[in-house]
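Below: the structure, in structure tokens.
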Amino acid sequence: MLKFDEELFVKLVEKEGLSFQSQIEEIVDHICHKGYSNIFLIGAGGTIAMMYPYEYILKSQSTIHVHAEIAAEFIVMNHKHLSEDSVCIFTSVSGTTEDTIAAVEYCRQKGATTIALVAEPNTPLTKMVDFCITTGSEKHSFDTFFMLLYMFIFRFMYNNNEFPQYEQFTKEVSLLPQAILSAVKSFDQKAEDFAIKHKDTEYHMMVGSGNLWGNTYSYAMCILEEMQWIHAKSIHAAEFFHGTLELVVEDTSVILLKGEDETRPLVDRVERFAEKITNNLTIIDTKDFTLDGISKEFRKHFAVSINWAILSRISVYLERERNHPLELRRYYRKVEY
């Protein structure tokens with residue numbers, strides 16, 4: 001596959017990523033023994049989008065109080081639920097994201113417990129937080145972060161006496177890297193076909209919901225807009241019929257991200273509408289993938305990882321077809337703002 005090193009993926013995500021389970025359990029168990037009042041999932045851009053699935057999971061599966069917050073807004077809003085009893089979780093590939101670093105400093109000033117997942121070692125963020133998991137490589141960092149966040153969030157739920165299936169769940173987390181590999185291989189040709197068809201498409205609507213809303217938001221903004229300079233809009237399926245539908249015409253590119261959680265009927269509703277109007281409807285559905293060893297009960301959670309991995313295959317083919325490197329920027333980290 002184009003720009004995909006299977007051996008490296010297995011090394012970084014499966015062998016090394018899974019090795020952090022015991023460390024994560026020690027961190028969570030220590031915090032739970034000490035006691036905490038709520039969890040804040042804080043990020044900027046792609047990393048706040050990464051947090052939205054876990055906010056959804058906790059809100060729909062747990063009584064733990066959770067808040068997903070955009071770092072820069074969080075700092076200025078004077079959030080009344082943040083206290084010394086809060087647990088604040090951050091992710092950063094580079095470990096140098098300014099908004100994230102500022103938010104960590106703010107949380108520490110409030111006395112909150114801070115946790116970070118960071119790809120690059122020996123960076124500012126790794127040295128600031130109370131607990132840090134450093135994966136050591138930017139390659140496949142999001143795939144790894146998603147997997148580690150499953151371990152964190154479901155351990156908190158288990159310790160809250162809400163998730164007795166934890167042992168079976170962690171066994172299936174260990175199967176997730178191979179499930180991802182199988183999914184990206186089976187989707188790769190469709191990813192290439194999409195890129196060829198849409199290399200000159202100037203505007204995409206991306207629609208998702210539930211635990212895939214974060215991926216919808218992130219892919220439209222961080223990949224299509226930031227990395228490919230393509231106009232895109234992320235639309236929550238529940239809100240699609242409150243404005244955006246009026247912009248759909250026969251050649252509008254509408255991309256539906258379908259997961260397997262409770263909100264799937266919301267995306268089905270958009271599909272029924274869009275297929276009557278546009279001839280440019282793309283449906284990316286995690287139900288299309290086998291996911292050997294993953295139980296039906298947990299598929300809805302792992303849909304986040306599967307969806308992100310297959311979307312990433314579209315990215316590399318768009319890069320090739322458009323002759324536009326994914327690393328190319330006009331402004332981000334180029335100019336002061």
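Chain labels A, B, ... are given in the sequence in which chains occur in the structure tokens; within each chain residues are numbered consecutively from 1, and ligands are likewise numbered from 1 in the order shown.
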
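Neighbouring residues of Trp229 in chain A at 12 Å or closer, counting only C-alpha atoms and skipping chain neighbours under 6 positions away, are Lys199, Asp200, Thr201, Glu202, Tyr203, His204, Ala220, Met221, Cys222, Ile223, Leu318, Glu319, Arg322, Asn323, His324, Pro325, Leu326, Glu327, Leu328, Arg329, Arg330 and Tyr331 of chain A.
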
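Every protein or nucleic acid residue with an atom no more than 12 Å from Lys296 in chain A, counting only C-alpha atoms and leaving out same-chain residues fewer than 4 positions away, appears here: Phe169, Glu172, Glu260, Asp261, Lys287, Thr290, Leu291, Asp292, Lys300, His301, Phe302 and Ala303 of chain A.
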
Using the selection just defined, write its residues with N, CA, C and O atoms as a PDB file, in the first residue's frame.
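Saved result, again_7.pdb, follows:
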ATOM      1  N   PHE A 169     -12.756  -6.615  27.501  1.00  0.00           N
ATOM      2  CA  PHE A 169     -12.531  -5.446  26.654  1.00  0.00           C
ATOM      3  C   PHE A 169     -11.046  -5.261  26.361  1.00  0.00           C
ATOM      4  O   PHE A 169     -10.655  -5.020  25.218  1.00  0.00           O
ATOM      5  N   GLU A 172      -9.733  -7.550  23.836  1.00  0.00           N
ATOM      6  CA  GLU A 172     -10.120  -7.174  22.480  1.00  0.00           C
ATOM      7  C   GLU A 172      -9.376  -5.930  22.003  1.00  0.00           C
ATOM      8  O   GLU A 172      -9.134  -5.771  20.800  1.00  0.00           O
ATOM      9  N   GLU A 260     -21.411   2.522  14.564  1.00  0.00           N
ATOM     10  CA  GLU A 260     -22.304   1.463  15.024  1.00  0.00           C
ATOM     11  C   GLU A 260     -22.873   1.741  16.411  1.00  0.00           C
ATOM     12  O   GLU A 260     -23.331   0.826  17.084  1.00  0.00           O
ATOM     13  N   ASP A 261     -22.847   3.000  16.815  1.00  0.00           N
ATOM     14  CA  ASP A 261     -23.407   3.338  18.123  1.00  0.00           C
ATOM     15  C   ASP A 261     -24.876   3.722  17.991  1.00  0.00           C
ATOM     16  O   ASP A 261     -25.492   3.556  16.941  1.00  0.00           O
ATOM     17  N   LYS A 287     -19.406  -0.924   9.576  1.00  0.00           N
ATOM     18  CA  LYS A 287     -20.059  -2.233   9.525  1.00  0.00           C
ATOM     19  C   LYS A 287     -19.554  -3.092   8.361  1.00  0.00           C
ATOM     20  O   LYS A 287     -19.763  -4.302   8.339  1.00  0.00           O
ATOM     21  N   THR A 290     -14.855  -6.754   8.915  1.00  0.00           N
ATOM     22  CA  THR A 290     -15.094  -7.953   9.719  1.00  0.00           C
ATOM     23  C   THR A 290     -14.652  -7.798  11.167  1.00  0.00           C
ATOM     24  O   THR A 290     -15.354  -8.180  12.099  1.00  0.00           O
ATOM     25  N   LEU A 291     -13.452  -7.274  11.404  1.00  0.00           N
ATOM     26  CA  LEU A 291     -12.892  -7.087  12.754  1.00  0.00           C
ATOM     27  C   LEU A 291     -12.860  -8.404  13.528  1.00  0.00           C
ATOM     28  O   LEU A 291     -13.551  -8.592  14.540  1.00  0.00           O
ATOM     29  N   ASP A 292     -12.039  -9.315  13.051  1.00  0.00           N
ATOM     30  CA  ASP A 292     -11.932 -10.641  13.672  1.00  0.00           C
ATOM     31  C   ASP A 292     -11.625 -10.538  15.164  1.00  0.00           C
ATOM     32  O   ASP A 292     -10.711  -9.827  15.586  1.00  0.00           O
ATOM     33  N   LYS A 300     -18.918  -0.803  18.457  1.00  0.00           N
ATOM     34  CA  LYS A 300     -19.292   0.615  18.368  1.00  0.00           C
ATOM     35  C   LYS A 300     -18.194   1.504  18.917  1.00  0.00           C
ATOM     36  O   LYS A 300     -17.990   2.629  18.437  1.00  0.00           O
ATOM     37  N   HIS A 301     -17.468   1.027  19.929  1.00  0.00           N
ATOM     38  CA  HIS A 301     -16.377   1.818  20.478  1.00  0.00           C
ATOM     39  C   HIS A 301     -15.176   1.810  19.538  1.00  0.00           C
ATOM     40  O   HIS A 301     -14.577   2.861  19.267  1.00  0.00           O
ATOM     41  N   PHE A 302     -14.833   0.646  19.032  1.00  0.00           N
ATOM     42  CA  PHE A 302     -13.650   0.528  18.181  1.00  0.00           C
ATOM     43  C   PHE A 302     -13.857   1.121  16.796  1.00  0.00           C
ATOM     44  O   PHE A 302     -12.896   1.278  16.041  1.00  0.00           O
ATOM     45  N   ALA A 303     -15.083   1.467  16.473  1.00  0.00           N
ATOM     46  CA  ALA A 303     -15.360   2.123  15.189  1.00  0.00           C
ATOM     47  C   ALA A 303     -14.543   3.399  15.041  1.00  0.00           C
ATOM     48  O   ALA A 303     -14.191   3.791  13.925  1.00  0.00           O
TER      49      ALA A 303
END

Please provide the set of residues having any atom within 8 Å of range 176-188 of chain A, restricted to only C-alpha atoms, with same-chain residues fewer than 4 positions apart removed, written as a PyMOL selection string.
chain A and resi 1+6+10+13-14+172+192+289-292+294+302+305-306+309-310+313-314

Neighbour list for range 102-104 of chain A as a PDB file with all heavy atoms, in the first residue's frame, cut-off 9 Å, only C-alpha atoms, skip fewer than 6 positions in-chain:
ATOM      1  N   ILE A  42      -9.006  17.636  27.086  1.00  0.00           N
ATOM      2  CA  ILE A  42      -8.664  18.963  26.579  1.00  0.00           C
ATOM      3  C   ILE A  42      -7.712  18.850  25.397  1.00  0.00           C
ATOM      4  O   ILE A  42      -6.751  18.072  25.429  1.00  0.00           O
ATOM      5  CB  ILE A  42      -8.009  19.811  27.696  1.00  0.00           C
ATOM      6  CG1 ILE A  42      -8.949  19.887  28.915  1.00  0.00           C
ATOM      7  CG2 ILE A  42      -7.676  21.208  27.190  1.00  0.00           C
ATOM      8  CD1 ILE A  42      -8.296  20.441  30.161  1.00  0.00           C
ATOM      9  N   GLY A  43      -7.973  19.621  24.343  1.00  0.00           N
ATOM     10  CA  GLY A  43      -7.089  19.582  23.183  1.00  0.00           C
ATOM     11  C   GLY A  43      -7.324  20.759  22.263  1.00  0.00           C
ATOM     12  O   GLY A  43      -8.133  21.652  22.546  1.00  0.00           O
ATOM     13  N   ALA A  71      -8.756  23.871  24.125  1.00  0.00           N
ATOM     14  CA  ALA A  71      -7.772  24.397  25.054  1.00  0.00           C
ATOM     15  C   ALA A  71      -7.826  25.914  25.196  1.00  0.00           C
ATOM     16  O   ALA A  71      -7.883  26.444  26.317  1.00  0.00           O
ATOM     17  CB  ALA A  71      -6.373  23.953  24.632  1.00  0.00           C
ATOM     18  N   ALA A  72      -7.792  26.636  24.083  1.00  0.00           N
ATOM     19  CA  ALA A  72      -7.718  28.098  24.150  1.00  0.00           C
ATOM     20  C   ALA A  72      -8.964  28.698  24.791  1.00  0.00           C
ATOM     21  O   ALA A  72      -8.876  29.654  25.578  1.00  0.00           O
ATOM     22  CB  ALA A  72      -7.504  28.684  22.758  1.00  0.00           C
ATOM     23  N   PHE A  74     -10.980  27.084  26.862  1.00  0.00           N
ATOM     24  CA  PHE A  74     -11.002  26.594  28.230  1.00  0.00           C
ATOM     25  C   PHE A  74     -10.240  27.520  29.174  1.00  0.00           C
ATOM     26  O   PHE A  74     -10.679  27.798  30.293  1.00  0.00           O
ATOM     27  CB  PHE A  74     -10.401  25.188  28.248  1.00  0.00           C
ATOM     28  CG  PHE A  74     -10.243  24.590  29.605  1.00  0.00           C
ATOM     29  CD1 PHE A  74     -11.347  24.218  30.353  1.00  0.00           C
ATOM     30  CD2 PHE A  74      -8.978  24.380  30.141  1.00  0.00           C
ATOM     31  CE1 PHE A  74     -11.201  23.649  31.611  1.00  0.00           C
ATOM     32  CE2 PHE A  74      -8.826  23.814  31.391  1.00  0.00           C
ATOM     33  CZ  PHE A  74      -9.934  23.450  32.129  1.00  0.00           C
ATOM     34  N   ILE A  75      -9.113  28.034  28.709  1.00  0.00           N
ATOM     35  CA  ILE A  75      -8.260  28.878  29.544  1.00  0.00           C
ATOM     36  C   ILE A  75      -8.956  30.183  29.923  1.00  0.00           C
ATOM     37  O   ILE A  75      -8.792  30.686  31.035  1.00  0.00           O
ATOM     38  CB  ILE A  75      -6.932  29.176  28.814  1.00  0.00           C
ATOM     39  CG1 ILE A  75      -6.117  27.886  28.674  1.00  0.00           C
ATOM     40  CG2 ILE A  75      -6.115  30.232  29.546  1.00  0.00           C
ATOM     41  CD1 ILE A  75      -4.929  28.025  27.740  1.00  0.00           C
ATOM     42  N   CYS A  88      -7.318  16.033  34.287  1.00  0.00           N
ATOM     43  CA  CYS A  88      -7.262  16.661  32.969  1.00  0.00           C
ATOM     44  C   CYS A  88      -6.347  15.845  32.062  1.00  0.00           C
ATOM     45  O   CYS A  88      -5.173  15.638  32.379  1.00  0.00           O
ATOM     46  CB  CYS A  88      -6.748  18.097  33.082  1.00  0.00           C
ATOM     47  SG  CYS A  88      -7.779  19.135  34.145  1.00  0.00           S
ATOM     48  N   PHE A  90      -4.674  15.193  28.236  1.00  0.00           N
ATOM     49  CA  PHE A  90      -4.242  15.890  27.026  1.00  0.00           C
ATOM     50  C   PHE A  90      -3.549  14.903  26.087  1.00  0.00           C
ATOM     51  O   PHE A  90      -2.987  13.901  26.528  1.00  0.00           O
ATOM     52  CB  PHE A  90      -3.232  16.994  27.363  1.00  0.00           C
ATOM     53  CG  PHE A  90      -3.705  17.996  28.370  1.00  0.00           C
ATOM     54  CD1 PHE A  90      -3.619  17.723  29.732  1.00  0.00           C
ATOM     55  CD2 PHE A  90      -4.247  19.210  27.967  1.00  0.00           C
ATOM     56  CE1 PHE A  90      -4.049  18.648  30.677  1.00  0.00           C
ATOM     57  CE2 PHE A  90      -4.681  20.139  28.901  1.00  0.00           C
ATOM     58  CZ  PHE A  90      -4.580  19.856  30.264  1.00  0.00           C
ATOM     59  N   THR A 114      -2.885  16.162  36.069  1.00  0.00           N
ATOM     60  CA  THR A 114      -2.713  16.234  34.617  1.00  0.00           C
ATOM     61  C   THR A 114      -2.072  14.972  34.067  1.00  0.00           C
ATOM     62  O   THR A 114      -1.124  14.433  34.640  1.00  0.00           O
ATOM     63  CB  THR A 114      -1.853  17.455  34.232  1.00  0.00           C
ATOM     64  OG1 THR A 114      -0.619  17.427  34.975  1.00  0.00           O
ATOM     65  CG2 THR A 114      -2.586  18.752  34.545  1.00  0.00           C
ATOM     66  N   LEU A 125       5.804  19.294  26.878  1.00  0.00           N
ATOM     67  CA  LEU A 125       4.619  18.711  27.506  1.00  0.00           C
ATOM     68  C   LEU A 125       4.961  17.497  28.353  1.00  0.00           C
ATOM     69  O   LEU A 125       4.359  17.255  29.401  1.00  0.00           O
ATOM     70  CB  LEU A 125       3.586  18.351  26.428  1.00  0.00           C
ATOM     71  CG  LEU A 125       2.201  17.948  26.918  1.00  0.00           C
ATOM     72  CD1 LEU A 125       1.590  19.017  27.799  1.00  0.00           C
ATOM     73  CD2 LEU A 125       1.284  17.668  25.729  1.00  0.00           C
ATOM     74  N   MET A 128       5.839  18.547  31.919  1.00  0.00           N
ATOM     75  CA  MET A 128       4.945  19.429  32.667  1.00  0.00           C
ATOM     76  C   MET A 128       3.879  18.686  33.458  1.00  0.00           C
ATOM     77  O   MET A 128       3.415  19.182  34.493  1.00  0.00           O
ATOM     78  CB  MET A 128       4.234  20.392  31.708  1.00  0.00           C
ATOM     79  CG  MET A 128       5.145  21.347  30.972  1.00  0.00           C
ATOM     80  SD  MET A 128       4.209  22.268  29.736  1.00  0.00           S
ATOM     81  CE  MET A 128       3.000  23.109  30.765  1.00  0.00           C
ATOM     82  N   VAL A 129       3.458  17.537  32.971  1.00  0.00           N
ATOM     83  CA  VAL A 129       2.278  16.882  33.535  1.00  0.00           C
ATOM     84  C   VAL A 129       2.649  15.939  34.679  1.00  0.00           C
ATOM     85  O   VAL A 129       3.806  15.561  34.853  1.00  0.00           O
ATOM     86  CB  VAL A 129       1.524  16.098  32.437  1.00  0.00           C
ATOM     87  CG1 VAL A 129       0.928  17.046  31.411  1.00  0.00           C
ATOM     88  CG2 VAL A 129       2.435  15.076  31.765  1.00  0.00           C
TER      89      VAL A 129
END

Distance of CA of Ile115 in chain A from CA of Ser60 in chain A, expressed in Å to one decimal place:
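Spanning CA of Ser60 in chain A to CA of Ile115 in chain A is a straight-line distance of 22.8 Å.
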
Hey, what does DSSP flag as strand (DSSP E) within range 36-248 of chain A? Can you give it to me as number ranges by chain?
A: 38-43, 66-70, 86-92, 113-118, 131-134, 203-208, 231-236

Go through A:Ile284, A:Ile24, A:Leu12, A:Cys32 one by one, measure the shortest atom-to-atom distance of each to Tyr150 in chain A using only C-alpha atoms, and give the residue with the smallest value.
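Among A:Ile284, A:Ile24, A:Leu12, A:Cys32, it is A:Ile24 that comes nearest to Tyr150 in chain A.
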
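Look at Glu73 in chain A: the protein and nucleic acid residues within 12 Å of it, using only C-alpha atoms and passing over chain neighbours fewer than 3 places away, are A:Ile42, A:Gly43, A:Ala44, A:Ile48, A:Ala68, A:Glu69, A:Ile70, A:Val76, A:Met77, A:Asn78, A:His79, A:Asp99, A:Thr100, A:Ala102, A:Ala103, A:Tyr106.
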
Save out the residues we just selected, all heavy atoms, as an mmCIF file, in the first residue's frame.
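Result saved to part-v3.cif:
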data_model
loop_
_atom_site.group_PDB
_atom_site.id
_atom_site.type_symbol
_atom_site.label_atom_id
_atom_site.label_comp_id
_atom_site.auth_asym_id
_atom_site.auth_seq_id
_atom_site.Cartn_x
_atom_site.Cartn_y
_atom_site.Cartn_z
ATOM 1 N N ILE A 42 -9.006 17.636 27.086
ATOM 2 C CA ILE A 42 -8.664 18.963 26.579
ATOM 3 C C ILE A 42 -7.712 18.850 25.397
ATOM 4 O O ILE A 42 -6.751 18.072 25.429
ATOM 5 C CB ILE A 42 -8.009 19.811 27.696
ATOM 6 C CG1 ILE A 42 -8.949 19.887 28.915
ATOM 7 C CG2 ILE A 42 -7.676 21.208 27.190
ATOM 8 C CD1 ILE A 42 -8.296 20.441 30.161
ATOM 9 N N GLY A 43 -7.973 19.621 24.343
ATOM 10 C CA GLY A 43 -7.089 19.582 23.183
ATOM 11 C C GLY A 43 -7.324 20.759 22.263
ATOM 12 O O GLY A 43 -8.133 21.652 22.546
ATOM 13 N N ALA A 44 -6.619 20.736 21.144
ATOM 14 C CA ALA A 44 -6.719 21.809 20.152
ATOM 15 C C ALA A 44 -6.670 21.186 18.763
ATOM 16 O O ALA A 44 -5.788 20.366 18.476
ATOM 17 C CB ALA A 44 -5.561 22.801 20.320
ATOM 18 N N ILE A 48 -8.455 17.908 20.167
ATOM 19 C CA ILE A 48 -9.765 18.005 20.808
ATOM 20 C C ILE A 48 -10.750 17.111 20.072
ATOM 21 O O ILE A 48 -11.603 16.467 20.683
ATOM 22 C CB ILE A 48 -10.289 19.461 20.909
ATOM 23 C CG1 ILE A 48 -11.641 19.489 21.651
ATOM 24 C CG2 ILE A 48 -10.439 20.121 19.555
ATOM 25 C CD1 ILE A 48 -11.606 18.883 23.046
ATOM 26 N N ALA A 68 -15.336 17.768 27.509
ATOM 27 C CA ALA A 68 -14.345 17.912 26.440
ATOM 28 C C ALA A 68 -14.266 19.388 26.098
ATOM 29 O O ALA A 68 -15.284 20.010 25.761
ATOM 30 C CB ALA A 68 -14.733 17.093 25.213
ATOM 31 N N GLU A 69 -13.065 19.959 26.191
ATOM 32 C CA GLU A 69 -12.914 21.404 26.050
ATOM 33 C C GLU A 69 -11.785 21.767 25.081
ATOM 34 O O GLU A 69 -10.715 21.140 25.104
ATOM 35 C CB GLU A 69 -12.609 22.049 27.406
ATOM 36 C CG GLU A 69 -13.641 21.786 28.491
ATOM 37 C CD GLU A 69 -14.975 22.465 28.229
ATOM 38 O OE1 GLU A 69 -15.021 23.365 27.361
ATOM 39 O OE2 GLU A 69 -15.973 22.099 28.897
ATOM 40 N N ILE A 70 -12.039 22.797 24.261
ATOM 41 C CA ILE A 70 -11.011 23.349 23.379
ATOM 42 C C ILE A 70 -10.049 24.165 24.225
ATOM 43 O O ILE A 70 -10.463 25.064 24.961
ATOM 44 C CB ILE A 70 -11.649 24.215 22.284
ATOM 45 C CG1 ILE A 70 -12.633 23.387 21.451
ATOM 46 C CG2 ILE A 70 -10.571 24.830 21.391
ATOM 47 C CD1 ILE A 70 -13.468 24.215 20.499
ATOM 48 N N VAL A 76 -9.749 30.729 29.010
ATOM 49 C CA VAL A 76 -10.340 32.048 29.257
ATOM 50 C C VAL A 76 -11.761 31.992 29.820
ATOM 51 O O VAL A 76 -12.294 33.007 30.246
ATOM 52 C CB VAL A 76 -10.345 32.907 27.968
ATOM 53 C CG1 VAL A 76 -8.927 33.118 27.476
ATOM 54 C CG2 VAL A 76 -11.201 32.273 26.876
ATOM 55 N N MET A 77 -12.371 30.813 29.848
ATOM 56 C CA MET A 77 -13.799 30.764 30.199
ATOM 57 C C MET A 77 -14.049 30.662 31.698
ATOM 58 O O MET A 77 -15.191 30.791 32.147
ATOM 59 C CB MET A 77 -14.466 29.584 29.481
ATOM 60 C CG MET A 77 -14.134 28.207 30.053
ATOM 61 S SD MET A 77 -14.830 26.845 29.100
ATOM 62 C CE MET A 77 -16.577 27.128 29.295
ATOM 63 N N ASN A 78 -13.025 30.388 32.499
ATOM 64 C CA ASN A 78 -13.197 30.257 33.944
ATOM 65 C C ASN A 78 -14.208 29.150 34.269
ATOM 66 O O ASN A 78 -15.211 29.373 34.952
ATOM 67 C CB ASN A 78 -13.632 31.588 34.569
ATOM 68 C CG ASN A 78 -13.560 31.564 36.086
ATOM 69 O OD1 ASN A 78 -12.763 30.824 36.662
ATOM 70 N ND2 ASN A 78 -14.392 32.358 36.724
ATOM 71 N N HIS A 79 -13.909 27.960 33.805
ATOM 72 C CA HIS A 79 -14.801 26.808 33.939
ATOM 73 C C HIS A 79 -15.042 26.503 35.421
ATOM 74 O O HIS A 79 -14.102 26.224 36.173
ATOM 75 C CB HIS A 79 -14.172 25.596 33.242
ATOM 76 C CG HIS A 79 -15.159 24.556 32.852
ATOM 77 N ND1 HIS A 79 -15.970 23.906 33.760
ATOM 78 C CD2 HIS A 79 -15.476 24.043 31.632
ATOM 79 C CE1 HIS A 79 -16.727 23.034 33.128
ATOM 80 N NE2 HIS A 79 -16.458 23.105 31.834
ATOM 81 N N ASP A 99 -1.298 25.979 22.513
ATOM 82 C CA ASP A 99 -2.562 26.041 23.243
ATOM 83 C C ASP A 99 -2.643 24.933 24.300
ATOM 84 O O ASP A 99 -3.168 25.148 25.403
ATOM 85 C CB ASP A 99 -3.745 25.917 22.282
ATOM 86 C CG ASP A 99 -3.955 27.172 21.445
ATOM 87 O OD1 ASP A 99 -3.263 28.175 21.691
ATOM 88 O OD2 ASP A 99 -4.810 27.133 20.531
ATOM 89 N N THR A 100 -2.146 23.760 23.949
ATOM 90 C CA THR A 100 -2.183 22.640 24.888
ATOM 91 C C THR A 100 -1.260 22.891 26.072
ATOM 92 O O THR A 100 -1.627 22.656 27.231
ATOM 93 C CB THR A 100 -1.800 21.338 24.170
ATOM 94 O OG1 THR A 100 -2.719 21.107 23.098
ATOM 95 C CG2 THR A 100 -1.831 20.156 25.123
ATOM 96 N N ALA A 102 -0.325 25.763 27.268
ATOM 97 C CA ALA A 102 -0.935 26.805 28.097
ATOM 98 C C ALA A 102 -2.063 26.234 28.948
ATOM 99 O O ALA A 102 -2.233 26.609 30.122
ATOM 100 C CB ALA A 102 -1.452 27.931 27.211
ATOM 101 N N ALA A 103 -2.835 25.313 28.387
ATOM 102 C CA ALA A 103 -3.935 24.703 29.135
ATOM 103 C C ALA A 103 -3.412 23.825 30.263
ATOM 104 O O ALA A 103 -3.999 23.782 31.353
ATOM 105 C CB ALA A 103 -4.822 23.893 28.193
ATOM 106 N N TYR A 106 -2.421 26.073 33.049
ATOM 107 C CA TYR A 106 -3.623 26.578 33.711
ATOM 108 C C TYR A 106 -4.189 25.533 34.677
ATOM 109 O O TYR A 106 -4.546 25.852 35.824
ATOM 110 C CB TYR A 106 -4.652 26.954 32.649
ATOM 111 C CG TYR A 106 -5.971 27.445 33.180
ATOM 112 C CD1 TYR A 106 -6.099 28.743 33.663
ATOM 113 C CD2 TYR A 106 -7.092 26.617 33.185
ATOM 114 C CE1 TYR A 106 -7.313 29.208 34.152
ATOM 115 C CE2 TYR A 106 -8.313 27.076 33.667
ATOM 116 C CZ TYR A 106 -8.411 28.365 34.146
ATOM 117 O OH TYR A 106 -9.618 28.813 34.628
#

Using DSSP secondary structure from the backbone, list all helix (DSSP H, G or I) positions within range 8-207 of chain A, as a PyMOL selection string.
chain A and resi 8-34+46-61+71-77+98-109+124-128+141-159+166-173+176-198
